[in-house]
>>> print(open('start-v9.txt').read())   # compact mmCIF, C-alpha atoms and all ligand atoms
# COMPACT_ATOMS: atom_id res chain seq x y z
CA MET D 1282 -7.59 -31.23 -23.16
CA TYR D 1283 -5.88 -30.97 -19.82
CA SER D 1284 -6.74 -34.50 -18.81
CA PHE D 1285 -5.70 -35.71 -22.25
CA LEU D 1286 -2.24 -34.15 -21.82
CA ARG D 1287 -2.01 -35.61 -18.37
CA TRP D 1288 -2.84 -39.01 -19.69
CA PHE D 1289 -0.59 -38.64 -22.73
CA PHE D 1290 2.54 -37.45 -20.97
CA GLY D 1291 1.87 -39.07 -17.64
CA ILE D 1292 2.70 -35.81 -15.93
CA PRO D 1293 1.34 -35.44 -12.41
CA PRO D 1294 -1.19 -32.55 -12.34
CA ARG D 1295 0.74 -30.26 -9.98
CA ARG D 1296 3.79 -30.37 -12.30
CA LEU D 1297 1.65 -28.80 -15.02
CA GLY D 1298 0.99 -25.76 -12.87
CA THR D 1299 2.90 -22.54 -13.44
CA ALA D 1300 3.85 -21.86 -9.82
CA ARG D 1301 7.18 -23.35 -8.88
CA PRO D 1302 7.19 -24.49 -5.28
CA ARG D 1303 9.83 -22.74 -3.16
CA THR D 1304 12.52 -24.95 -1.75
CA THR D 1305 12.96 -25.40 1.98
CA THR D 1306 16.15 -23.33 1.84
CA GLN D 1307 14.34 -20.50 0.08
CA LYS D 1308 11.57 -20.59 2.67
CA ALA D 1309 14.09 -20.50 5.52
CA LEU D 1310 15.86 -17.54 3.89
CA ASP D 1311 12.55 -15.69 3.42
CA LYS D 1312 11.76 -16.23 7.07
CA GLN D 1313 15.17 -14.90 8.17
CA GLN D 1314 14.86 -11.83 5.95
CA ARG D 1315 11.33 -11.17 7.14
CA GLU D 1316 12.35 -11.48 10.79
CA SER D 1317 15.29 -9.15 10.28
CA LEU D 1318 13.11 -6.48 8.66
CA THR D 1319 10.29 -6.92 11.15
CA ALA D 1320 12.81 -6.26 13.92
CA GLN D 1321 14.00 -3.00 12.32
CA ILE D 1322 10.94 -1.37 10.76
CA PRO D 1323 8.82 -0.42 13.81
CA GLY D 1324 11.74 1.48 15.38
CA LEU D 1325 12.45 3.33 12.14
CA LEU D 1326 8.79 4.29 11.77
CA ALA D 1327 8.62 5.49 15.38
CA GLN D 1328 11.68 7.62 14.68
CA TRP D 1329 10.66 9.05 11.30
CA GLU D 1330 6.90 9.52 11.46
CA PRO D 1331 7.09 12.37 14.01
CA ILE D 1332 9.96 14.02 12.10
CA LEU D 1333 8.00 13.98 8.84
CA GLY D 1334 4.63 14.60 10.47
CA VAL D 1335 3.03 11.65 8.66
CA LYS D 1336 1.75 8.27 9.73
CA ALA D 1337 1.64 5.10 7.67
CA ALA D 1338 -1.63 3.27 8.28
CA GLN D 1339 0.04 -0.06 7.51
CA TRP D 1340 3.32 -1.53 6.37
CA ARG D 1341 3.99 -4.86 4.76
CA ILE D 1342 6.95 -6.82 3.50
CA ARG D 1343 6.90 -8.76 0.27
CA ARG D 1344 9.19 -10.23 -2.33
CA MET D 1345 9.45 -7.62 -5.08
CA LYS D 1346 11.05 -8.10 -8.47
CA THR D 1347 11.84 -4.58 -9.61
CA ARG D 1348 11.52 -2.21 -6.67
CA TRP D 1349 12.74 -1.72 -3.12
CA GLY D 1350 9.49 -0.33 -1.88
CA SER D 1351 6.22 1.27 -2.80
CA CYS D 1352 3.60 3.44 -1.21
CA ASN D 1353 -0.14 3.51 -1.70
CA THR D 1354 -0.70 7.15 -0.76
CA ARG D 1355 -4.49 6.85 -0.67
CA ASP D 1356 -4.46 3.97 1.81
CA LYS D 1357 -1.19 5.17 3.39
CA ARG D 1358 0.15 1.66 3.04
CA ILE D 1359 3.87 1.05 2.62
CA TRP D 1360 5.36 -2.05 1.00
CA LEU D 1361 8.99 -2.95 1.54
CA SER D 1362 11.02 -5.46 -0.38
CA LEU D 1363 12.20 -8.58 1.40
CA ALA D 1364 15.60 -8.14 -0.27
CA LEU D 1365 16.27 -5.03 1.83
CA ALA D 1366 17.21 -7.42 4.62
CA ASP D 1367 20.47 -8.12 2.77
CA LYS D 1368 21.36 -4.44 2.46
CA PRO D 1369 22.94 -2.13 5.06
CA PRO D 1370 20.38 -0.71 7.56
CA ARG D 1371 21.03 2.78 6.16
CA CYS D 1372 19.54 1.60 2.86
CA LEU D 1373 16.42 0.28 4.56
CA GLU D 1374 16.14 3.64 6.30
CA TYR D 1375 16.46 5.44 2.96
CA VAL D 1376 13.68 3.37 1.35
CA LEU D 1377 11.42 3.81 4.36
CA VAL D 1378 11.93 7.59 4.44
CA HIS D 1379 11.40 7.69 0.66
CA GLU D 1380 8.04 5.92 1.01
CA LEU D 1381 7.00 8.09 3.97
CA VAL D 1382 7.89 11.25 2.02
CA HIS D 1383 5.41 10.04 -0.62
CA LEU D 1384 2.71 10.69 1.98
CA LEU D 1385 3.74 14.37 1.69
CA GLU D 1386 4.40 14.35 -2.05
CA PRO D 1387 3.12 11.46 -4.20
CA SER D 1388 5.32 12.00 -7.27
CA HIS D 1389 9.08 12.10 -7.77
CA ASN D 1390 9.12 15.80 -8.59
CA ALA D 1391 11.41 18.63 -7.46
CA ARG D 1392 9.44 19.05 -4.25
CA PHE D 1393 9.87 15.37 -3.43
CA LYS D 1394 13.64 15.55 -3.96
CA SER D 1395 13.92 18.72 -1.95
CA LEU D 1396 12.01 17.10 0.93
CA MET D 1397 14.32 14.09 0.76
CA THR D 1398 17.38 16.36 0.92
CA GLN D 1399 15.89 18.31 3.78
CA TYR D 1400 15.23 15.24 5.91
CA LEU D 1401 17.90 12.81 4.70
CA PRO D 1402 20.74 14.89 3.20
CA ASP D 1403 22.75 11.85 2.01
CA TRP D 1404 19.79 10.08 0.36
CA LYS D 1405 21.44 10.04 -3.06
CA GLN D 1406 24.45 8.20 -1.67
CA ARG D 1407 22.20 5.67 0.05
CA LYS D 1408 20.21 5.21 -3.14
CA LYS D 1409 23.43 4.46 -5.04
CA GLU D 1410 24.29 1.75 -2.53
CA LEU D 1411 21.12 -0.05 -3.58
CA GLN D 1412 22.11 -0.23 -7.23
ZN ZN D 1501 9.01 6.66 -4.93
>>> encode(input="start-v9.txt", output="structure tokens")
Amino acid sequence: MYSFLRWFFGIPPRRLGTARPRTTTQKALDKQQRESLTAQIPGLLAQWEPILGVKAAQWRIRRMKTRWGSCNTRDKRIWLSLALADKPPRCLEYVLVHELVHLLEPSHNARFKSLMTQYLPDWKQRKKELQ
């Protein structure tokens, strides 16, 4: 069927794929954002891990559609959104602390919020700046 469609419409095979290739500009922007975050994150981790008494085993940056970050508490792996590069550094710090606090408390319960307030008293303000 596939080769029939190809023959019928004369569409080159890669155009039938679902993945849209990123433009050069997009790639350059991704690279800039990644470099900006990669320059900031190790320092923030070095600052916050001893304060919180936790240690992330790994951190990664990726393009995320709906979230600013996530934390796999079992593997202690933190994911940060590429788009944080376009936000003020205080927002990146908020997301990073949020994900590290998940290593103390996995869910967004009262304890989690109280830990956030204890360590980053203005976290709600910073969160608003991300909306
Ligand atoms: Zn969370």
>>> residues_around(input="start-v9.txt", residues="Val1335 (chain D)", least_positions_apart="6", cutoff="10 Å", atoms="only C-alpha atoms", output="PyMOL selection string")
chain D and resi 1326+1329+1357+1381-1385
>>> write_last_selection(input="start-v9.txt", atoms="C-alpha atoms", output="CSV table (one decimal), keeping the file's coordinate frame")
chain,number,residue,atom,x,y,z
D,1326,LEU,CA,8.8,4.3,11.8
D,1329,TRP,CA,10.7,9.0,11.3
D,1357,LYS,CA,-1.2,5.2,3.4
D,1381,LEU,CA,7.0,8.1,4.0
D,1382,VAL,CA,7.9,11.2,2.0
D,1383,HIS,CA,5.4,10.0,-0.6
D,1384,LEU,CA,2.7,10.7,2.0
D,1385,LEU,CA,3.7,14.4,1.7
>>> residues_around(input="start-v9.txt", residues="Glu1330 (chain D)", least_positions_apart="2", cutoff="12 Å", atoms="all atoms listed in the file", output="tab-separated table (two decimals) with C-alpha atoms, keeping the file's coordinate frame")
chain	number	residue	atom	x	y	z
D	1322	ILE	CA	10.94	-1.37	10.76
D	1323	PRO	CA	8.82	-0.42	13.81
D	1324	GLY	CA	11.74	1.48	15.38
D	1325	LEU	CA	12.45	3.33	12.14
D	1326	LEU	CA	8.79	4.29	11.77
D	1327	ALA	CA	8.62	5.49	15.38
D	1328	GLN	CA	11.68	7.62	14.68
D	1332	ILE	CA	9.96	14.02	12.10
D	1333	LEU	CA	8.00	13.98	8.84
D	1334	GLY	CA	4.63	14.60	10.47
D	1335	VAL	CA	3.03	11.65	8.66
D	1336	LYS	CA	1.75	8.27	9.73
D	1337	ALA	CA	1.64	5.10	7.67
D	1338	ALA	CA	-1.63	3.27	8.28
D	1377	LEU	CA	11.42	3.81	4.36
D	1378	VAL	CA	11.93	7.59	4.44
D	1379	HIS	CA	11.40	7.69	0.66
D	1380	GLU	CA	8.04	5.92	1.01
D	1381	LEU	CA	7.00	8.09	3.97
D	1382	VAL	CA	7.89	11.25	2.02
D	1384	LEU	CA	2.71	10.69	1.98
D	1385	LEU	CA	3.74	14.37	1.69
D	1400	TYR	CA	15.23	15.24	5.91
>>> residues_near_ligand(input="start-v9.txt", ligand="ligand ZN 1501 (chain D)", cutoff="12 Å", atoms="all atoms listed in the file", output="count of residues only")
30
>>> atom_distance(input="start-v9.txt", atom1="CA of Asp1356 (chain D)", atom2="CA of Asp1403 (chain D)")
28.3 Å
>>> atom_distance(input="start-v9.txt", atom1="CA of Thr1319 (chain D)", atom2="CA of Ile1342 (chain D)")
8.3 Å
>>> closest_residue(input="start-v9.txt", among="D:Glu1316, D:Glu1374, D:Asp1367, D:Asp1311", to="Leu1401 (chain D)", atoms="all atoms listed in the file")
D:Glu1374
>>> atom_distance(input="start-v9.txt", atom1="CA of Met1345 (chain D)", atom2="CA of Gln1307 (chain D)")
14.7 Å
>>> residues_near_point(input="start-v9.txt", point="(20.8, 1.2, 1.8)", cutoff="7 Å", atoms="all atoms listed in the file", output="list in words")
Lys1368, Pro1369, Pro1370, Arg1371, Cys1372, Leu1373, Glu1374, Tyr1375, Arg1407, Lys1408, Glu1410 and Leu1411 of chain D
>>> closest_residue(input="start-v9.txt", among="D:Ser1395, D:Gln1406, D:Ser1362, D:Thr1304", to="Lys1346 (chain D)", atoms="only C-alpha atoms")
D:Ser1362
